[in-house]
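*Asks:* So here's run_28.txt (compact mmCIF, C-alpha atoms).
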# COMPACT_ATOMS: atom_id res chain seq x y z
CA MET A 182 159.63 86.31 157.98
CA ASP A 183 157.84 83.23 159.31
CA SER A 184 159.09 80.36 161.41
CA GLN A 185 160.02 78.19 158.41
CA ILE A 186 162.19 80.92 156.88
CA ALA A 187 163.80 81.53 160.28
CA VAL A 188 164.67 77.83 160.59
CA LEU A 189 166.11 77.79 157.06
CA LEU A 190 168.26 80.81 157.85
CA ALA A 191 169.37 79.26 161.13
CA GLN A 192 170.38 76.11 159.25
CA ASP A 193 172.46 78.12 156.76
CA GLY A 194 174.00 80.05 159.64
CA LEU A 195 174.93 76.83 161.41
CA VAL A 196 176.62 75.40 158.30
CA ASN A 197 178.52 78.62 157.63
CA GLY A 198 179.36 78.97 161.32
CA ALA A 199 180.86 75.47 161.34
CA VAL A 200 183.29 76.47 158.57
CA TYR A 201 184.12 79.78 160.26
CA ALA A 202 184.74 77.84 163.47
CA LEU A 203 187.43 75.81 161.72
CA MET A 204 188.98 79.02 160.37
CA ALA A 205 188.93 80.59 163.84
CA LEU A 206 190.47 77.48 165.36
CA ALA A 207 193.35 77.57 162.86
CA LEU A 208 193.94 81.31 163.31
CA VAL A 209 193.99 81.09 167.11
CA LEU A 210 196.35 78.10 166.94
CA VAL A 211 198.84 79.83 164.63
CA PHE A 212 198.77 83.13 166.52
CA SER A 213 199.12 81.60 169.97
CA VAL A 214 202.13 79.51 168.94
CA THR A 215 203.96 81.83 166.50
CA ARG A 216 202.42 85.32 167.10
CA VAL A 217 201.52 85.42 163.38
CA ILE A 218 198.09 86.78 162.44
CA PHE A 219 197.85 84.50 159.43
CA ILE A 220 195.84 86.47 156.86
CA PRO A 221 196.38 83.88 154.04
CA GLN A 222 194.54 81.17 155.98
CA GLY A 223 191.66 81.49 153.51
CA GLU A 224 193.98 80.72 150.59
CA PHE A 225 194.37 77.18 151.88
CA VAL A 226 190.58 76.91 151.61
CA ALA A 227 190.54 78.06 147.99
CA PHE A 228 193.61 76.05 147.01
CA GLY A 229 192.16 72.89 148.54
CA ALA A 230 188.75 73.27 146.89
CA LEU A 231 190.10 74.21 143.46
CA SER A 232 192.79 71.50 143.51
CA MET A 233 190.07 68.96 144.22
CA ALA A 234 187.98 70.39 141.36
CA LEU A 235 190.90 70.04 138.93
CA MET A 236 191.50 66.44 139.97
CA GLN A 237 187.83 65.67 139.43
CA ALA A 238 188.19 67.21 135.96
CA GLY A 239 191.09 64.85 135.23
CA LYS A 240 193.76 67.57 135.37
CA VAL A 241 196.91 67.93 137.44
CA PRO A 242 196.52 70.82 139.92
CA ALA A 243 199.19 73.49 139.63
CA THR A 244 199.49 73.47 143.42
CA LEU A 245 201.62 70.33 142.97
CA TRP A 246 204.27 72.35 141.12
CA MET A 247 203.98 75.07 143.75
CA LEU A 248 204.61 72.47 146.46
CA LEU A 249 207.67 71.12 144.66
CA ALA A 250 209.08 74.63 144.13
CA MET A 251 208.56 75.59 147.78
CA ALA A 252 210.11 72.30 148.94
CA ALA A 253 213.20 72.88 146.79
CA ALA A 254 213.52 76.48 148.01
CA THR A 255 213.21 75.34 151.64
CA LEU A 256 215.93 72.72 151.17
CA VAL A 257 218.23 75.39 149.74
CA VAL A 258 217.53 77.67 152.71
CA GLU A 259 218.14 74.86 155.21
CA ALA A 260 221.42 73.92 153.49
CA TRP A 261 222.49 77.56 153.63
CA ARG A 262 221.64 77.76 157.35
CA HIS A 263 223.60 74.55 157.98
CA ARG A 264 226.58 75.94 156.07
CA ARG A 265 226.53 79.02 158.28
CA GLY A 266 226.67 76.86 161.41
CA ALA A 267 223.00 76.98 162.42
CA SER A 268 221.38 73.91 163.93
CA VAL A 269 219.09 72.24 161.39
CA ASP A 270 216.64 69.45 162.18
CA TRP A 271 217.04 67.46 158.97
CA ARG A 272 214.39 64.91 159.93
CA SER A 273 211.60 67.48 159.91
CA ALA A 274 213.10 69.18 156.86
CA LEU A 275 213.11 65.93 154.91
CA LEU A 276 209.57 65.16 156.08
CA TRP A 277 208.10 68.40 154.71
CA CYS A 278 210.47 68.90 151.77
CA VAL A 279 210.90 65.35 150.48
CA ALA A 280 208.46 62.82 151.95
CA PHE A 281 205.24 64.79 151.53
CA PRO A 282 206.08 66.15 148.03
CA LEU A 283 207.04 62.66 146.83
CA LEU A 284 203.82 61.22 148.25
CA ALA A 285 201.84 64.01 146.57
CA CYS A 286 203.53 63.25 143.23
CA VAL A 287 202.74 59.56 143.56
CA LEU A 288 199.10 60.25 144.42
CA VAL A 289 198.44 62.94 141.80
CA LEU A 290 200.65 61.86 138.89
CA ALA A 291 200.90 58.08 139.20
CA TRP A 292 197.78 56.98 141.08
CA ARG A 293 195.44 59.64 139.64
CA PRO A 294 192.63 59.04 142.19
CA THR A 295 189.10 58.77 140.83
CA GLY A 296 186.91 58.24 143.91
CA ILE A 297 185.89 61.28 145.93
CA ALA A 298 187.45 59.93 149.12
CA ALA A 299 190.76 59.22 147.37
CA GLN A 300 190.75 62.68 145.76
CA ALA A 301 190.06 64.30 149.13
CA PHE A 302 192.99 62.41 150.66
CA ALA A 303 195.29 63.43 147.80
CA THR A 304 194.21 67.05 148.25
CA LEU A 305 195.05 66.95 151.96
CA VAL A 306 198.48 65.49 151.21
CA LEU A 307 198.99 68.22 148.61
CA ILE A 308 197.91 71.21 150.73
CA THR A 309 199.05 70.28 154.26
CA PRO A 310 202.83 70.64 153.68
CA LEU A 311 202.28 74.10 152.19
CA GLY A 312 201.72 75.32 155.76
CA PRO A 313 205.10 74.42 157.30
CA LEU A 314 206.92 75.32 154.07
CA THR A 315 205.31 78.76 154.18
CA TYR A 316 206.36 79.12 157.80
CA ARG A 317 209.96 78.12 157.10
CA LEU A 318 210.31 80.44 154.11
CA ALA A 319 208.36 83.51 155.22
CA PHE A 320 208.03 83.60 159.00
CA ARG A 321 210.72 81.57 160.74
CA PRO A 322 213.56 83.90 159.59
CA MET A 323 211.59 86.72 161.30
CA ALA A 324 210.57 84.82 164.43
CA GLN A 325 212.00 87.56 166.66
CA ALA A 326 210.16 90.39 164.86
CA THR A 327 207.25 92.29 166.36
CA VAL A 328 203.65 91.24 165.83
CA LEU A 329 203.11 94.25 163.56
CA THR A 330 206.04 93.26 161.33
CA LEU A 331 204.76 89.69 161.13
CA LEU A 332 201.32 91.05 160.22
CA ILE A 333 202.81 93.11 157.37
CA VAL A 334 204.58 90.01 156.04
CA SER A 335 201.31 88.07 156.35
CA VAL A 336 199.41 90.68 154.31
CA ALA A 337 202.13 90.69 151.64
CA LEU A 338 202.05 86.89 151.52
CA HIS A 339 198.28 87.01 151.07
CA GLY A 340 198.72 89.20 147.99
CA VAL A 341 201.28 86.80 146.54
CA LEU A 342 199.09 83.73 147.11
CA VAL A 343 196.00 85.40 145.63
CA GLY A 344 198.03 86.24 142.52
CA LEU A 345 199.28 82.67 142.30
CA GLY A 346 195.71 81.43 142.71
CA LEU A 347 194.61 83.53 139.72
CA LEU A 348 197.57 82.18 137.73
CA PHE A 349 196.92 78.55 138.69
CA PHE A 350 193.12 78.36 138.50
CA GLY A 351 191.99 81.31 136.38
CA ALA A 352 189.12 83.66 137.10
CA GLU A 353 186.39 81.03 136.60
CA GLY A 354 184.83 79.43 139.61
CA SER A 355 184.48 75.70 140.26
CA ARG A 356 182.45 73.29 142.32
CA THR A 357 183.15 69.73 143.37
CA SER A 358 180.97 66.69 143.76
CA ALA A 359 179.10 66.41 147.04
CA PHE A 360 180.22 63.86 149.62
CA SER A 361 176.54 63.02 150.14
CA ASP A 362 173.61 63.53 147.77
CA ALA A 363 171.02 62.45 150.35
CA THR A 364 168.22 64.73 151.51
CA PHE A 365 166.22 64.50 154.71
CA GLN A 366 162.93 65.94 155.88
CA LEU A 367 163.03 67.19 159.45
CA GLY A 368 159.74 68.70 160.56
CA GLY A 369 158.97 70.06 157.11
CA LEU A 370 162.55 71.33 156.66
CA GLN A 371 164.65 69.83 153.87
CA VAL A 372 168.21 69.16 154.99
CA THR A 373 170.89 68.13 152.51
CA GLY A 374 173.37 65.41 153.27
CA GLN A 375 176.27 67.71 152.40
CA SER A 376 175.16 70.22 155.06
CA LEU A 377 175.15 67.44 157.62
CA VAL A 378 178.61 66.36 156.43
CA VAL A 379 179.92 69.90 156.99
CA ILE A 380 178.49 70.11 160.52
CA VAL A 381 179.53 66.60 161.56
CA VAL A 382 183.08 66.86 160.17
CA ALA A 383 183.57 70.30 161.72
CA PHE A 384 182.32 69.02 165.08
CA LEU A 385 184.59 65.96 164.92
CA LEU A 386 187.60 68.10 163.98
CA VAL A 387 186.98 70.43 166.91
CA ILE A 388 186.71 67.45 169.30
CA LEU A 389 189.88 65.89 167.86
CA MET A 390 191.76 69.17 168.22
CA PHE A 391 190.75 69.51 171.88
CA GLN A 392 191.79 65.90 172.51
CA PHE A 393 195.06 66.53 170.68
CA PHE A 394 195.90 69.54 172.83
CA GLY A 395 194.76 67.91 176.05
CA ARG A 396 196.18 64.39 175.78
CA SER A 397 199.06 64.18 173.29
CA MET A 398 202.65 65.21 174.04
CA VAL A 399 202.85 67.24 170.84
CA GLY A 400 199.64 69.07 171.71
CA LYS A 401 200.91 69.84 175.21
CA ALA A 402 204.17 71.11 173.71
CA LEU A 403 202.19 73.44 171.46
CA ARG A 404 200.20 74.71 174.45
CA ALA A 405 203.42 75.30 176.40
CA THR A 406 204.90 77.22 173.45
CA ALA A 407 201.73 79.30 173.20
CA MET A 408 201.85 80.19 176.89
CA ASN A 409 205.58 80.98 177.14
CA ARG A 410 207.98 80.49 174.24
CA VAL A 411 211.10 81.21 176.30
CA GLY A 412 210.03 78.86 179.10
CA ALA A 413 209.14 76.15 176.59
CA ARG A 414 212.54 76.51 174.93
CA LEU A 415 214.30 76.28 178.30
CA MET A 416 212.37 73.08 179.01
CA GLY A 417 213.71 71.53 175.81
CA ILE A 418 210.69 72.04 173.56
CA PRO A 419 211.79 72.85 169.98
CA THR A 420 209.71 75.97 169.38
CA GLU A 421 210.63 76.11 165.68
CA LEU A 422 209.14 72.65 165.19
CA ALA A 423 206.07 73.86 167.09
CA GLY A 424 205.69 76.49 164.38
CA ASP A 425 205.90 73.76 161.71
CA VAL A 426 203.18 71.72 163.40
CA SER A 427 200.86 74.68 163.97
CA PHE A 428 201.11 75.77 160.33
CA ALA A 429 200.64 72.18 159.14
CA LEU A 430 197.46 71.88 161.20
CA ALA A 431 196.26 75.26 159.90
CA ALA A 432 196.85 74.18 156.29
CA ALA A 433 195.09 70.86 156.87
CA ILE A 434 192.11 72.60 158.49
CA GLY A 435 191.95 75.05 155.58
CA ALA A 436 192.04 72.22 153.04
CA VAL A 437 189.28 70.33 154.88
CA SER A 438 187.17 73.51 154.97
CA GLY A 439 187.62 73.94 151.22
CA LEU A 440 186.60 70.35 150.56
CA LEU A 441 183.49 70.79 152.72
CA ILE A 442 182.16 74.00 151.16
CA ALA A 443 183.13 73.42 147.51
CA PRO A 444 180.00 71.28 146.83
CA LEU A 445 177.77 73.96 148.41
CA THR A 446 179.01 77.11 146.68
CA THR A 447 181.14 78.10 143.71
CA ILE A 448 184.75 78.68 144.76
CA TYR A 449 186.93 81.27 143.02
CA TYR A 450 190.63 81.91 143.41
CA ASP A 451 189.93 84.72 145.92
CA THR A 452 186.93 83.22 147.73
CA GLY A 453 189.06 82.13 150.66
CA PHE A 454 189.86 85.72 151.64
CA LEU A 455 186.32 86.52 152.81
CA ILE A 456 185.98 83.14 154.53
CA GLY A 457 189.27 83.70 156.33
CA LEU A 458 188.24 87.22 157.37
CA LYS A 459 185.00 85.96 158.89
CA GLY A 460 186.98 83.33 160.75
CA PHE A 461 189.26 86.14 161.89
CA VAL A 462 186.26 88.05 163.27
CA ALA A 463 185.34 84.94 165.26
CA ALA A 464 188.94 84.58 166.45
CA ILE A 465 188.94 88.22 167.58
CA VAL A 466 185.80 87.52 169.62
CA GLY A 467 187.92 84.92 171.43
CA GLY A 468 190.79 87.39 171.81
CA LEU A 469 193.00 85.26 169.52
CA ALA A 470 193.56 83.11 172.59
CA SER A 471 190.40 81.28 173.67
CA TYR A 472 189.32 78.35 171.52
CA PRO A 473 185.83 77.89 173.07
CA ILE A 474 184.95 81.60 172.81
CA ALA A 475 186.26 81.69 169.23
CA LEU A 476 184.00 78.77 168.35
CA LEU A 477 181.00 80.53 169.86
CA GLY A 478 182.01 83.67 167.97
CA ALA A 479 182.07 81.66 164.72
CA LEU A 480 178.51 80.45 165.30
CA LEU A 481 177.48 84.04 166.04
CA VAL A 482 179.09 85.23 162.80
CA GLY A 483 177.32 82.49 160.85
CA GLN A 484 173.91 83.35 162.26
CA LEU A 485 174.46 87.10 161.80
CA GLU A 486 175.45 86.55 158.18
CA ALA A 487 172.44 84.33 157.46
CA PHE A 488 169.81 86.61 158.99
CA SER A 489 171.36 89.82 157.65
CA SER A 490 171.24 88.32 154.16
CA PHE A 491 167.45 88.18 154.56
CA TRP A 492 166.86 91.60 156.09
CA ALA A 493 169.62 93.59 154.38
CA SER A 494 171.42 91.46 151.81
CA ALA A 495 173.26 94.45 150.32
CA TYR A 496 174.86 95.16 153.70
CA LYS A 497 175.44 91.56 154.76
CA GLU A 498 179.23 91.76 154.76
CA VAL A 499 179.19 95.20 156.39
CA LEU A 500 177.08 93.95 159.28
CA VAL A 501 179.30 90.90 159.80
CA PHE A 502 182.54 92.87 159.89
CA THR A 503 180.98 95.63 162.00
CA LEU A 504 180.74 93.02 164.77
CA ILE A 505 184.48 93.39 165.30
CA ILE A 506 184.16 97.04 166.40
CA PRO A 507 182.30 96.56 169.73
CA VAL A 508 184.44 93.49 170.47
CA LEU A 509 187.68 95.43 170.03
CA TRP A 510 186.27 98.38 172.01
CA TRP A 511 185.26 96.12 174.90
CA ARG A 512 188.63 94.34 174.90
CA SER A 513 190.52 97.63 174.81
CA LEU A 514 188.76 98.59 178.04
CA HIS A 515 189.23 95.27 179.84
CA SER A 516 192.62 94.04 178.63
CA ARG A 517 195.97 95.11 179.99
CA HIS A 518 198.84 95.85 177.63
CA VAL A 519 201.54 93.18 177.50
CA GLU A 520 204.88 93.77 175.82
CA ASP A 521 206.19 91.25 173.32
CA GLU A 522 207.89 88.34 175.01
CA GLU A 523 211.04 88.52 172.92
Now that the file is in, can you turn its structure into structure tokens?

*Replies:*
Amino acid sequence: MDSQIAVLLAQDGLVNGAVYALMALALVLVFSVTRVIFIPQGEFVAFGALSMALMQAGKVPATLWMLLAMAAATLVVEAWRHRRGASVDWRSALLWCVAFPLLACVLVLAWRPTGIAAQAFATLVLITPLGPLTYRLAFRPMAQATVLTLLIVSVALHGVLVGLGLLFFGAEGSRTSAFSDATFQLGGLQVTGQSLVVIVVAFLLVILMFQFFGRSMVGKALRATAMNRVGARLMGIPTELAGDVSFALAAAIGAVSGLLIAPLTTIYYDTGFLIGLKGFVAAIVGGLASYPIALLGALLVGQLEAFSSFWASAYKEVLVFTLIIPVLWWRSLHSRHVEDEE
């Protein structure tokens, strides 16, 4: 290895680390607010990328029909809860179950976007409501369950979504058009415009998320729910709606990640699983609680993956996932056990 190869590997590690940072951010957000270790986070990546690829091929993505089916099922569940005397926030229900699906139908079926920016926007509108609908159908009825039970549900949901991905998109992989075809020479190193787009968008998203949590009322409500659900509920914060927002943000982040990496690598129906797992490793480095440490962990995972692919490509994945062992060992020695809050 010479210096030029090392710089190339560092560049690849930085691009991959930026995507893993977004995954880690979404996983920490969902877990801190809802106590759900959201294994299917990577499926939002694959669904977003492959839906975009189908739109670019002039086809209607099957995720639209999935969205409509989940919206109808959620409305039935909410009507049943209302009939049984439970309090139902119909404004949020209509937002996720009616407004977003109708907008997605207009964009995908009537407008049929042709430009890459318009297709990316349509994809975000299509994938984002899948997050809160998934929460309302799979996790909110079990909000009082233990973390282990929620994890089992999450793993089962991952299997269902992977099967649906195979049904919707087939076993063939797809790529999308790049957001930038430019190339730059930096000190003898060729840098693609798409790589810069990935890094810049990931950096901007991280900054926006920190501003959202630090300055907006909704972000502060999410932080309060993450710190103490019972206390937040006593202060009048609707913790169920906090779950909706956290899953919506996670789905949007997953869709953005899929749009960013689809021009760089071929995406298959199950590609998101490995991406989500590497984001999970980064989130574990941050203890599923610290956003800054999780971001640093994502950059570490990206660099480790890039350099291990040069020295031991056959064991690249093994080396990346082995990183979780010393982290868990160290945390088991320095963390005190805390019982579930509810």

*Asks:* From the options A:Phe228, A:Leu370, A:Ala238, A:Ala301, which residue's atoms come nearest to Gly344 (chain A), counting all atoms listed in the file?

*Replies:*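 For Gly344 (chain A), the nearest of the candidates is A:Phe228.
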
*Asks:* With distances taken over only C-alpha atoms, which residue among A:Phe219, A:Trp246, A:Tyr450, A:Phe502 lies nearest Phe350 (chain A)?

*Replies:*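 For Phe350 (chain A), the nearest of the candidates is A:Tyr450.
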
*Asks:* What is the CA of Asp451 (chain A)-CA of Met247 (chain A) distance in Å, reported with one decimal?

*Replies:*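 Result for CA of Asp451 (chain A) versus CA of Met247 (chain A): 17.2 Å, one decimal.
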
*Asks:* Compare A:Gln237, A:Thr447, A:Ser513, A:Gln325 by their minimum atom-to-atom distance to Ser355 (chain A), counting all atoms listed in the file, and give me the closest one.

*Replies:*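 Distance minimum relative to Ser355 (chain A) lands on A:Thr447.
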
*Asks:* How many Å lie between CA of Leu440 (chain A) and CA of Phe488 (chain A), rounded to one decimal?

*Replies:*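 Answer for the CA of Leu440 (chain A) to CA of Phe488 (chain A) separation: 24.8 Å.
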
*Asks:* For Glu421 (chain A), which of A:Val372, A:Met408, A:Val214, A:Leu249 is the closest residue, counting all atoms listed in the file?

*Replies:* A:Val214
